[in-house]
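> Sharing a structure below in structure tokens format, with a few things to ask.
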Number of protein chains: 2
Amino acid sequence: MKSYIDIDEWRIVESEFKAEYNTISESLCSLGNGHFGQRGCFEEDYSGETLPGNYVAGIYYPDKTRVGWWKNGYPEYFAKVLNGCDWTKLRIQLGSEFVDLHTAKEISSFSRILDMQEGVLYRNSTLTLNNGAIVKIRSERFCSMHNQNLAALNYQLGIENFEGELKIELWVDNDVHNQDANYDEQFWLAKRVHSDSNCGFVQAKTKKTGFHVSTLAHNRVTYNGEPVQATEKQEALKVGHIYTINCSGNSEVTILKKVCIVNDMNEKEESHLDFCRELIHSLDKYELLKKNHIDSWKSHWNEMDIQISGDPKAQQGIRFNIFQLFQTYTGHDHRLNIGPKGFTGEKYGGSTYWDTEAYCLPFYLGTARPEVARNLLIYRYHHLEKAIENAAKLGFSDGAALYPMVTMNGEECHNEWEITFEEIHRNGAIAYAIYDYIRYTGDKKYLVEYGLEVLIAIARFWEQRVNFSKSKNKYVILGVTGPNEYENNVNNNWYTNYMAKWCMEYAMESIAFVKNQDSDALHALFERINFRESEEILKWKDICHKMYFPFDKKNQVFLQQDGFLDKDLSSVDTLSKKDRPINQNWSWDRILRSCFIKQADVLQGLYFFEDEFSEDVIRRNFEFYEPMTVHESSLSPCVHSILASSLGMKDKAYEMYLRTSRLDIDDYNNDTEDGCHITSMAGTWLSVIKGFAGQRSRNGKLAFSPWLPDGWDSLKFNLRYRGKRIHLNIKSDALELKTSDAEGFECYIYNELVSIQENELKSLPLKTNMSNVES
Amino acid sequence: MKSYIDIDEWRIVESEFKAEYNTISESLCSLGNGHFGQRGCFEEDYSGETLPGNYVAGIYYPDKTRVGWWKNGYPEYFAKVLNGCDWTKLRIQLGSEFVDLHTAKEISSFSRILDMQEGVLYRNSTLTLNNGAIVKIRSERFCSMHNQNLAALNYQLGIENFEGELKIELWVDNDVHNQDANYDEQFWLAKRVHSDSNCGFVQAKTKKTGFHVSTLAHNRVTYNGEPVQATEKQEALKVGHIYTINCSGNSEVTILKKVCIVNDMNEKEESHLDFCRELIHSLDKYELLKKNHIDSWKSHWNEMDIQISGDPKAQQGIRFNIFQLFQTYTGHDHRLNIGPKGFTGEKYGGSTYWDTEAYCLPFYLGTARPEVARNLLIYRYHHLEKAIENAAKLGFSDGAALYPMVTMNGEECHNEWEITFEEIHRNGAIAYAIYDYIRYTGDKKYLVEYGLEVLIAIARFWEQRVNFSKSKNKYVILGVTGPNEYENNVNNNWYTNYMAKWCMEYAMESIAFVKNQDSDALHALFERINFRESEEILKWKDICHKMYFPFDKKNQVFLQQDGFLDKDLSSVDTLSKKDRPINQNWSWDRILRSCFIKQADVLQGLYFFEDEFSEDVIRRNFEFYEPMTVHESSLSPCVHSILASSLGMKDKAYEMYLRTSRLDIDDYNNDTEDGCHITSMAGTWLSVIKGFAGQRSRNGKLAFSPWLPDGWDSLKFNLRYRGKRIHLNIKSDALELKTSDAEGFECYIYNELVSIQENELKSLPLKTNMSNVES
């Protein structure tokens with residue numbers, strides 16, 4: 001854990017240069033606009049440790065799989081997030097010396113500031129070079145939230161104590177490599193390079209996938225206020241503009257770069273150069289571009305912000321999470337999704353995990369237009385065919401779908417048998433998201449148009465994946481990995497079995513609904529997917545009726561899987577410091593044999609299906625499993641935090657919240673250098689909204705059971721719900737509600753229905769002893 | 001399955017060149033002498049598909065591990081069998097054309113013959129080149145069984161219809177690569193190259209491991225009977241002799257190569273050149289070297305041969321297996337072992353698997369001096385320290401040893417978690433081999449000198465590896481892979497649990513024996529290994545007393561593991577042809593979920609510990625598991641064959657025998673091109689000796705319960721036992737016994753004690769309905 005980032009409610013501030021943490025700061029200061037993004041690297045040369053990263057959403061490369069021992073069924077490739085064109089790159093040379101923070105004689109002042117309110121990355125540094133020159137850098141850049149193709153850089157250079165040749169090179173550089181390429185391959189092919197006196201344009205094409213990505217930078221350099229002319233330099237995958245200046249006395253150089261990034265998911269490749277030129281030509285002055293961008297962020301913050309008074313660390317943490325989530329995915333395009341590192345790193349590859357459905361969806365439901373969450377669902381709808389192919393590769397038939405563990409285009413990319421083939425509960429999350437979306441939005445039409453087809457394909461998978469155990473006289477699910485990946489190839493994982501049954505039931509319920517709503521559409525669908533209604537439903541009913549659920553009578557808890565009680569059961573607090581985290585200190589077999597849980601498993605199920613269990617049941621299971629959970633997945637603590645909130649275990653809820661909210665800022669897991677944990681950031685939001693505020697959606701209405709952590713003065717936020725918005729202010733002694741909707745707003749507060757009129761400020765007492773689980 | 005090899009009782013004959021099977025023939029025609037060996041590749045150029053391979057026993061390279069996803073505990077490297085110096089290599093050029101079977105205009109005759117009786121590889125081919133020249137090749141070569149450093153090649157060339165320049169290049173070529181190198185690395189460093197007019201010498205050093213291997217070839221070339229002078233050519237890792245001849249009229253060329261191969265496991269590297277020169281200098285003529293070699297094989301065959309009358313295919317099969325086994329390991333050197341591919345290919349790497357102890361040991365016990373089997377045990381004794389280190393890497397302590405799954409020097413090399421960390425039953429095989437060796441030889445002193453220390457370290461491992469299940473009130477072993485590798489990470493694998501208990505019991509029994517025999521030695525050992533006698537033994541007793549064994553009451557069979565009965569139990573004959581082999585047609589998860597068994601598991605235990613179970617128990621388990629076993633490991637059918645023999649199931653016994661005996665000759669598994677399945681060849685021997693002949697060792701005497709498969713006229717073989725030899729001839733109606741031992745021989749025949757006098761031919765009736773399991 002590190003704490004070199006200043007506490008600031010709106011900004012990520014590195015106020016002193018820490019070379020050893022540079023790659024962490026680069027991750028934290030990443031910028032994005034949902035369509036492209038980049039790590040917070042320096043523009044000029046940096047010869048110390050750095051991980052340059054520029055990414056364009058949806059653009060990937062199928063890197064040939066590398067394994068030790070091949071298993072039948074492994075995918076041939078792993079879709080990698082592609083490191084792409086670096087448009088920020090510049091080089092500054094004074095005499096024979098390059099400006100470089102790593103080699104400079106002295107750094108007399110430094111700050112790198114990500115302003116989250118504005119979405120702008122600022123830097124100020126004053127260096128003394130080895131040749132005695134004093135160089136002041138003030139830079140700012142942004143990826144425009146106002147225009148999805150636009151980015152800009154304003155780089156100011158003050159030079160003192162130097163006379164001689166100043167050379168500035170501005171590059172558009174697509175000659176970049178993925179650090180994690182399996183075979184050290186260059187993934188980009190040069191397609192077109194163009195330049196004129198102001199502009200540099202590079203079009204590159206990805207190998208195999210054939211995506212065309214183009215970047216045009218319009219450069220303007222002034223020296224002491226006078227424009228400077230450039231000479232051009234073209235290479236296969238990059239283009240540069242070189243400015244040579246005879247420098248004497250104190251000098252001020254201004255570099256303005258306006259950049260257009262476009263790819264053939266949206267524009268035909270032939271027209272990229274024209275598209276970029278037109279955009280650049282039509283642009284306002286830099287200051288106006290920046291203002292539009294900031295205004296756009298302002299209006300988003302107005303929707304999404306969570307205000308915590310009395311705890312600046314928590315305030316900074318939650319805002320950082322919201323900021324990163326939103327700049328990763330804005331919901332305009334149903335072909336995009338939320339990669340685990342967003343635009344902050346290339347690790348893991350693939351853009352989509354079950355994280356999207358299980359953790360991220362509620363964030364977008366609560367904070368954005370309903371189309372945004374709907375686009376996440378549509379994404380999976382369009383992958384249905386591939387999911388059916390994935391299942392077929394594993395021996396399933398008749399339209400059964402298995403959604404992939406990791407994907408870009410719907411095909412499976414992961415290659416660990418115990419995950420790829422066995423962590424099949426992910427399929428349930430896809431179905432659950434449909435349920436969750438409809439429950440929140442009331443958009444039942446989605447079932448008719450898209451949802452049901454997916455639900456049936458998933459139910460068909462479970463139907464084939466169970467088998468009947470004569471010995472138990474029940475249906476069982478053998479050989480799975482549950483959410484707790486510290487168990488592999490187990491039988492009857494309670495969560496998976498429960499999810500499988502629920503999926504079949506929800507599919508049947510949905511069929512009944514659509515039959516009632518639009519029986520023509522239903523029959524057209526049945527015909528198209530060759531659904532043998534009575535036969536398949538009969539089978540599903542039988543399975544649901546006879547599904548096996550491991551249960552421990554003595555402790556009256558659900559068993560994570562068969563045989564769990566054979567383990568040496570002990571609690572995490574018996575582990576010594578040198579054992580933690582166990583995934584770095586124990587061999588894999590020891591982890592598997594132990595009772596320790598990586599990530600909420602039975603509890604994940606109780607969180608999803610809370611309404612189906614009594615508070616007693618939830619509490620017993622929580623008390624049984626919580627002490628064995630090491631939370632070595634960033635997706636774990638939020639679920640425990642929410643359940644603890646609902647059980648009135650405030651200390652535990654707050655402890656778990658703390659583990660998620662500043663995970664990256666404080667680099668808890670020593671891995672922020674690779675990028676931030678984007679999807680788990682949604683978990684932080686969930687801990688606050690579903691945890692502290694106790695938000696649920698019930699009977700077509702929002703419900704809250706709020707409480708306030710110790711030391712917080714207030715917690716304020718807005719939520720969208722079914723076309724309306726509600727504003728909550730949870731104070732230490734009262735809950736204030738407000739809506740600006742003309743029709744008013746009805747919601748449950750501690751299970752009591754409350755009505756609010758337009759602009760009425762309703763104040764209710766805050767309960768101090770409560771739980772929101774109905775008993 | 002292929003059947004292009006001619007049936008011949010003593011020879012492997014490829015009588016027509018099959019280019020498409022060339023790499024298979026190369027594997028089948030491999031030669032070795034226990035110290036080095038090579039695949040049966042052509043000497044001259046061959047531009048078609050070929051896998052050149054020359055290997056020196058014990059010389060390996062630690063190739064950096066390659067995995068998809070790293071798991072804690074994986075070894076850093078995988079010890080690869082090293083492809084080494086090719087001393088057979090020659091090139092023949094007539095005018096501008098090279099002699100090459102792949103490009104020749106016509107091959108008018110061809111035979112490649114491995115004479116197993118002689119241990120010589122012969123080849124005859126007559127080619128017409130594209131330039132019209134007719135070339136007759138007659139070659140023979142061998143790796144001397146008489147001198148462990150010697151090999152020789154006699155290559156005769158007849159040329160017709162060609163006038164012009166004939167160029168012959170003879171090479172000693174160490175510039176070779178492993179085809180399966182993880183990072184395409186050259187594993188050899190050039191150390192020294194030397195040549196004179198007759199000799200070429202190359203000394204190379206392995207990277208990382210620093211082994212020095214030297215090869216000196218003495219060349220003699222005559223043209224129409226006249227010696228030809230050479231020019232020399234040296235490169236970094238190879239040396240050549242070039243003979244240029246003006247060829248006119250019909251020509252006869254003779255090439256004689258005598259080769260000395262030496263490495264620094266036996267000779268210091270500085271003296272290699274001298275050593276080679278002296279050896280070559282001292283050598284007799286080629287014909288005499290060949291005779292000595294053949295004589296040496298003859299005397300070995302005299303010990304080892306199994307003669308089957310009436311079934312030439314079976315005869316060829318068993319001899320091929322014996323031949324390959326013995327040329328892989330001759331037992332002179334306790335630092336060597338039996339690699340799964342011997343000298344026939346580079347695949348898998350590592351020289352030692354549990355195959356050695358579980359399958360190969362009895363072959364060497366029965367057919368070779370007792371020192372040979374003892375050396376196999378000593379090999380593991382010397383690896384004990386590494387085995388303790390291996391266990392420590394996985395979190396075990398206090399001198400607990402886990403022998404590796406795959407090794408060269410005692411360190412673990414394998415890197416699949418479900419095997420490396422979990423297939424721990426291998427540890428039991430090491431202990432069982434000590435038991436088996438002592439039971440056969442009566443050499444109980446071995447316990448005092450070496451055995452007990454190993455047994456204690458293994459028992460300590462099991463003590464730490466079990467855990468007490470409060471739920472079962474028993475000790476359990478969680479997270480293992482049994483011999484049946486089509487189940488991973490299972491709990492309470494019956495075989496593993498049984499083996500663990502047996503290991504602790506045998507360790508206690510051995511402690512008691514040594515205490516009685518040499519209590520000083522015992523206490524010295526206890527002190528050295530810090531053995532807390534009363535405490536540790538108390539714990540072992542408790543574990544043995546309360547060990548859990550899964551059992552199915554309904555079927556009255558041992559359960560392969562917990563939960564086995566939840567599977568969809570069906571028999572192999574319900575599978576369709578397109579499903580088989582399932583390891584090539586099913587995804588890994590489907591294999592794991594299925595009931596199908598790769599390799600004898602419970603039955604392996606019943607085979608090892610036959611005396612502890614009634615015939616009824618064995619039969620019930622056999623009848624339960626046999627139908628579910630797909631035998632997709634080459635180590636599986638032999639165990640089933642032996643058990644079927646003992647249960648009087650003759651058809652099954654013979655069916656299983658057939659699967660093992662011609663596995664490579666007929667290329668059953670489509671993988672002989674990579675090399676032969678050396679260790680499983682011992683299984684064929686076991687099927688005959690322990691199966692058909694029903695051989696056991698009981699009460700310090702050999703026991704037999706023979707029967708003869710249908711169609712066989714007789715089965716004859718010798719066995720060594722405790723310093724004596726017995727000869728058996730099983731005929732269709734009688735069993736003939738003979739011994740040349742002056743003291744005569746006593747053995748059990750169908751559980752009756754029988755005495756034979758020196759040179760007496762005792763004839764007994766052959767039972768037709770029998771079983772040798774005592775009930």
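All residue names refer to the structure tokens as shown: chains lettered A, B, ... in order, residues numbered from 1 in each chain, ligands numbered from 1 in order.
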Would you pick out the contacts of stretch 278-282 of chain B at 10 Å or less, using only C-alpha atoms, so that residues sharing its chain but fewer than 2 positions from it are not included, and give the list as a ChimeraX atom specification?
/B:147,149-150,199,216-218,258-260,272-276,284-285
> Could you save the residues just selected, with all heavy atoms, as a CSV table (one decimal), in the first residue's frame?

```
chain,number,residue,atom,x,y,z
B,147,ASN,N,31.0,-52.0,-25.8
B,147,ASN,CA,31.8,-50.9,-25.3
B,147,ASN,C,30.9,-49.7,-25.3
B,147,ASN,O,30.4,-49.2,-26.3
B,147,ASN,CB,33.0,-50.7,-26.2
B,147,ASN,CG,33.9,-49.5,-25.7
B,147,ASN,OD1,33.4,-48.6,-25.1
B,147,ASN,ND2,35.2,-49.7,-26.0
B,149,ASN,N,31.2,-46.6,-25.1
B,149,ASN,CA,31.6,-45.4,-25.7
B,149,ASN,C,31.6,-45.5,-27.3
B,149,ASN,O,32.0,-44.6,-27.9
B,149,ASN,CB,33.0,-45.0,-25.3
B,149,ASN,CG,33.0,-44.7,-23.8
B,149,ASN,OD1,33.6,-45.5,-23.0
B,149,ASN,ND2,32.4,-43.6,-23.4
B,150,LEU,N,31.3,-46.7,-27.7
B,150,LEU,CA,31.6,-47.0,-29.1
B,150,LEU,C,30.3,-47.1,-30.0
B,150,LEU,O,29.3,-47.7,-29.6
B,150,LEU,CB,32.4,-48.3,-29.2
B,150,LEU,CG,32.8,-48.8,-30.6
B,150,LEU,CD1,33.9,-47.8,-31.2
B,150,LEU,CD2,33.3,-50.2,-30.6
B,199,CYS,N,40.4,-38.2,-38.6
B,199,CYS,CA,39.5,-38.1,-37.5
B,199,CYS,C,38.9,-36.7,-37.4
B,199,CYS,O,39.6,-35.7,-37.7
B,199,CYS,CB,40.3,-38.4,-36.2
B,199,CYS,SG,40.7,-40.1,-35.9
B,216,LEU,N,34.2,-38.3,-31.4
B,216,LEU,CA,35.2,-38.4,-32.3
B,216,LEU,C,34.9,-39.5,-33.3
B,216,LEU,O,34.5,-40.6,-32.9
B,216,LEU,CB,36.6,-38.7,-31.6
B,216,LEU,CG,37.8,-38.8,-32.5
B,216,LEU,CD1,39.0,-38.3,-31.9
B,216,LEU,CD2,38.0,-40.3,-33.0
B,217,ALA,N,35.0,-39.2,-34.6
B,217,ALA,CA,34.8,-40.2,-35.6
B,217,ALA,C,36.1,-40.4,-36.4
B,217,ALA,O,36.8,-39.5,-36.8
B,217,ALA,CB,33.7,-39.7,-36.6
B,218,HIS,N,36.3,-41.7,-36.5
B,218,HIS,CA,37.5,-42.1,-37.3
B,218,HIS,C,36.9,-42.6,-38.6
B,218,HIS,O,36.1,-43.5,-38.7
B,218,HIS,CB,38.3,-43.2,-36.6
B,218,HIS,CG,39.4,-43.8,-37.5
B,218,HIS,ND1,39.2,-44.7,-38.4
B,218,HIS,CD2,40.7,-43.4,-37.5
B,218,HIS,CE1,40.3,-45.0,-39.0
B,218,HIS,NE2,41.3,-44.2,-38.5
B,258,LYS,N,34.2,-45.3,-37.3
B,258,LYS,CA,34.2,-45.8,-35.9
B,258,LYS,C,34.1,-44.5,-35.0
B,258,LYS,O,34.9,-43.6,-35.2
B,258,LYS,CB,35.5,-46.6,-35.6
B,258,LYS,CG,35.7,-47.8,-36.5
B,258,LYS,CD,37.0,-48.4,-36.2
B,258,LYS,CE,37.3,-49.6,-37.2
B,258,LYS,NZ,38.7,-50.0,-37.1
B,259,VAL,N,33.2,-44.6,-34.1
B,259,VAL,CA,32.9,-43.4,-33.4
B,259,VAL,C,33.1,-43.6,-31.9
B,259,VAL,O,32.6,-44.6,-31.4
B,259,VAL,CB,31.5,-42.9,-33.7
B,259,VAL,CG1,31.1,-41.7,-32.9
B,259,VAL,CG2,31.4,-42.7,-35.2
B,260,CYS,N,33.7,-42.6,-31.2
B,260,CYS,CA,33.8,-42.7,-29.8
B,260,CYS,C,33.0,-41.5,-29.2
B,260,CYS,O,33.2,-40.3,-29.6
B,260,CYS,CB,35.2,-42.6,-29.3
B,260,CYS,SG,35.4,-42.5,-27.6
B,272,HIS,N,39.0,-35.7,-22.9
B,272,HIS,CA,38.1,-36.3,-23.9
B,272,HIS,C,38.8,-36.7,-25.2
B,272,HIS,O,38.6,-37.8,-25.7
B,272,HIS,CB,36.9,-35.4,-24.2
B,272,HIS,CG,35.9,-35.5,-23.1
B,272,HIS,ND1,34.6,-34.9,-23.2
B,272,HIS,CD2,35.9,-36.1,-21.9
B,272,HIS,CE1,33.9,-35.1,-22.1
B,272,HIS,NE2,34.7,-35.8,-21.3
B,273,LEU,N,39.6,-35.7,-25.7
B,273,LEU,CA,40.2,-36.0,-27.0
B,273,LEU,C,41.2,-37.2,-26.9
B,273,LEU,O,41.2,-38.1,-27.7
B,273,LEU,CB,41.0,-34.8,-27.5
B,273,LEU,CG,41.7,-34.9,-28.9
B,273,LEU,CD1,40.7,-35.4,-30.0
B,273,LEU,CD2,42.3,-33.6,-29.3
B,274,ASP,N,42.0,-37.2,-25.8
B,274,ASP,CA,42.9,-38.3,-25.6
B,274,ASP,C,42.2,-39.6,-25.4
B,274,ASP,O,42.5,-40.6,-26.0
B,274,ASP,CB,43.8,-38.0,-24.4
B,274,ASP,CG,44.8,-36.9,-24.6
B,274,ASP,OD1,45.0,-36.6,-25.8
B,274,ASP,OD2,45.3,-36.3,-23.6
B,275,PHE,N,41.1,-39.5,-24.6
B,275,PHE,CA,40.3,-40.7,-24.4
B,275,PHE,C,39.8,-41.3,-25.7
B,275,PHE,O,39.9,-42.5,-26.0
B,275,PHE,CB,39.2,-40.4,-23.4
B,275,PHE,CG,38.3,-41.5,-23.2
B,275,PHE,CD1,38.5,-42.3,-22.0
B,275,PHE,CD2,37.2,-41.8,-24.0
B,275,PHE,CE1,37.6,-43.4,-21.8
B,275,PHE,CE2,36.3,-42.9,-23.7
B,275,PHE,CZ,36.6,-43.7,-22.6
B,276,CYS,N,39.3,-40.5,-26.5
B,276,CYS,CA,38.7,-40.9,-27.8
B,276,CYS,C,39.8,-41.5,-28.7
B,276,CYS,O,39.6,-42.6,-29.3
B,276,CYS,CB,38.0,-39.8,-28.5
B,276,CYS,SG,36.5,-39.2,-27.7
B,284,ASP,N,39.8,-53.0,-32.7
B,284,ASP,CA,39.9,-54.1,-33.7
B,284,ASP,C,39.3,-53.6,-35.0
B,284,ASP,O,38.7,-52.5,-35.1
B,284,ASP,CB,39.3,-55.3,-33.2
B,284,ASP,CG,40.0,-55.9,-32.1
B,284,ASP,OD1,41.2,-56.2,-32.2
B,284,ASP,OD2,39.4,-56.2,-31.0
B,285,LYS,N,39.3,-54.5,-35.9
B,285,LYS,CA,38.6,-54.3,-37.2
B,285,LYS,C,37.1,-54.2,-37.0
B,285,LYS,O,36.6,-54.8,-36.1
B,285,LYS,CB,38.9,-55.4,-38.2
B,285,LYS,CG,40.4,-55.4,-38.6
B,285,LYS,CD,40.5,-56.0,-40.0
B,285,LYS,CE,41.8,-55.6,-40.6
B,285,LYS,NZ,42.4,-56.7,-41.4
```
> If you take only C-alpha atoms and a cut-off of 9 Å, which residues of chain B touch chain A, and what are their nearest atom pairs and distances in Å to one decimal, in chain and number order, as CSV?

```
residue,atom,partner,partner_atom,distance
B:Thr65,CA,A:Gly68,CA,7.7
B:Arg66,CA,A:Gly68,CA,5.2
B:Val67,CA,A:Gly68,CA,4.0
B:Gly68,CA,A:Val67,CA,4.0
B:Trp69,CA,A:Glu416,CA,7.2
B:Lys71,CA,A:Trp588,CA,6.0
B:Asn72,CA,A:Ser587,CA,4.6
B:Gly73,CA,A:Ser587,CA,4.7
B:Tyr74,CA,A:Ser587,CA,8.1
B:Lys393,CA,A:Ser587,CA,7.6
B:Leu394,CA,A:Ser587,CA,5.4
B:Gly395,CA,A:Trp586,CA,7.1
B:Asn415,CA,A:Gly68,CA,7.1
B:Glu416,CA,A:Trp69,CA,7.2
B:Trp417,CA,A:Trp588,CA,7.1
B:Glu418,CA,A:Asp589,CA,8.0
B:Phe421,CA,A:Asp589,CA,5.9
B:Glu422,CA,A:Asp589,CA,6.8
B:Asn467,CA,A:Asp568,CA,6.7
B:Phe468,CA,A:Asp568,CA,7.0
B:Ser469,CA,A:Asp566,CA,4.5
B:Lys470,CA,A:Asp566,CA,6.8
B:Ser471,CA,A:Leu565,CA,6.0
B:Lys472,CA,A:Asp566,CA,7.0
B:Tyr475,CA,A:Asp566,CA,8.9
B:Val476,CA,A:Asp566,CA,7.3
B:Leu478,CA,A:Arg593,CA,6.1
B:Gly479,CA,A:Arg593,CA,5.9
B:Val480,CA,A:Asp589,CA,8.6
B:Asn488,CA,A:Asn489,CA,7.2
B:Asn489,CA,A:Asn489,CA,6.6
B:Val490,CA,A:Val490,CA,7.9
B:Asn491,CA,A:Gly563,CA,7.8
B:Asp562,CA,A:Gly563,CA,8.1
B:Gly563,CA,A:Asn491,CA,7.8
B:Leu565,CA,A:Ser471,CA,6.0
B:Asp566,CA,A:Ser469,CA,4.5
B:Lys567,CA,A:Ser469,CA,6.2
B:Asp568,CA,A:Asn467,CA,6.6
B:Asn583,CA,A:Asn72,CA,7.3
B:Gln584,CA,A:Asn72,CA,6.9
B:Asn585,CA,A:Asn72,CA,7.5
B:Trp586,CA,A:Asn72,CA,6.5
B:Ser587,CA,A:Asn72,CA,4.6
B:Trp588,CA,A:Asn72,CA,5.6
B:Asp589,CA,A:Phe421,CA,5.9
B:Arg590,CA,A:Leu394,CA,7.3
B:Leu592,CA,A:Gly479,CA,6.9
B:Arg593,CA,A:Gly479,CA,5.9
```
> Here is a test: counting only C-alpha atoms, which residue of B:Ala433, B:Leu647, B:Val639, B:Ala314 is nearest to B:Asp713?
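Under the stated criterion, the closest residue is B:Ala314.
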> Near B:Tyr750, within 8 Å and counting only C-alpha atoms, which residues show up once chain neighbours fewer than 6 positions away are dropped, as a list in words?
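Residues meeting the cut-off are Ala703, Phe704, Ser705, Pro706 and Asn772 of chain B.
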> I want to know what sits within 6 Å of A:Ala190, based on only C-alpha atoms, with residues of the same chain fewer than 3 positions away left out; could you give that as a PyMOL selection string?
chain A and resi 204+236-237
> Got a sec to tell me which of stretch 176-353 of chain B DSSP assigns to strand (DSSP E), as number ranges by chain?
B: 188-195, 199-206, 212-223, 226-227, 231-234, 238-247, 251-263, 306-309
> Would you mind reading off the distance between atom CA of B:Tyr440 and atom CA of B:His383, one decimal, in Å?
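Going from atom CA of B:Tyr440 over to atom CA of B:His383 covers 23.3 Å.
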> Using DSSP on the backbone, list every residue of stretch 417-660 of chain B that comes out as helix (DSSP H, G or I), and give them as a ChimeraX atom specification.
/B:417-420,426-441,445-465,494-517,519-528,533-545,564-566,572-574,577-579,582-585,588-593,602-608,610-612,615-628,637-646,650-660
> For a quick check of understanding, using only C-alpha atoms, which of B:Ala734, B:Ala507, B:Leu28, B:Ile306 has the smallest distance to B:Thr768?
B:Ala734
> Residues near stretch 334-336 of chain A, anyone? I mean within 7 Å using only C-alpha atoms, not counting same-chain ones fewer than 2 positions away, as number ranges by chain.
A: 57-58, 331-332, 375-376, 378-379
> Mind checking which residues fall within 10 Å of stretch 131-139 of chain A, counting only C-alpha atoms, ignoring those fewer than 2 positions away in the same chain, and posting them as number ranges by chain?
A: 42-44, 94-97, 99, 104-112, 121-129, 141, 153-163, 250-256
> Considering only C-alpha atoms, return as a ChimeraX atom specification whatever protein or nucleic-acid residues lie within 9 Å of A:Gly40, sequence-local ones (same chain, fewer than 4 positions apart) excluded.
/A:23,25-31,52-53,112,114,121,344
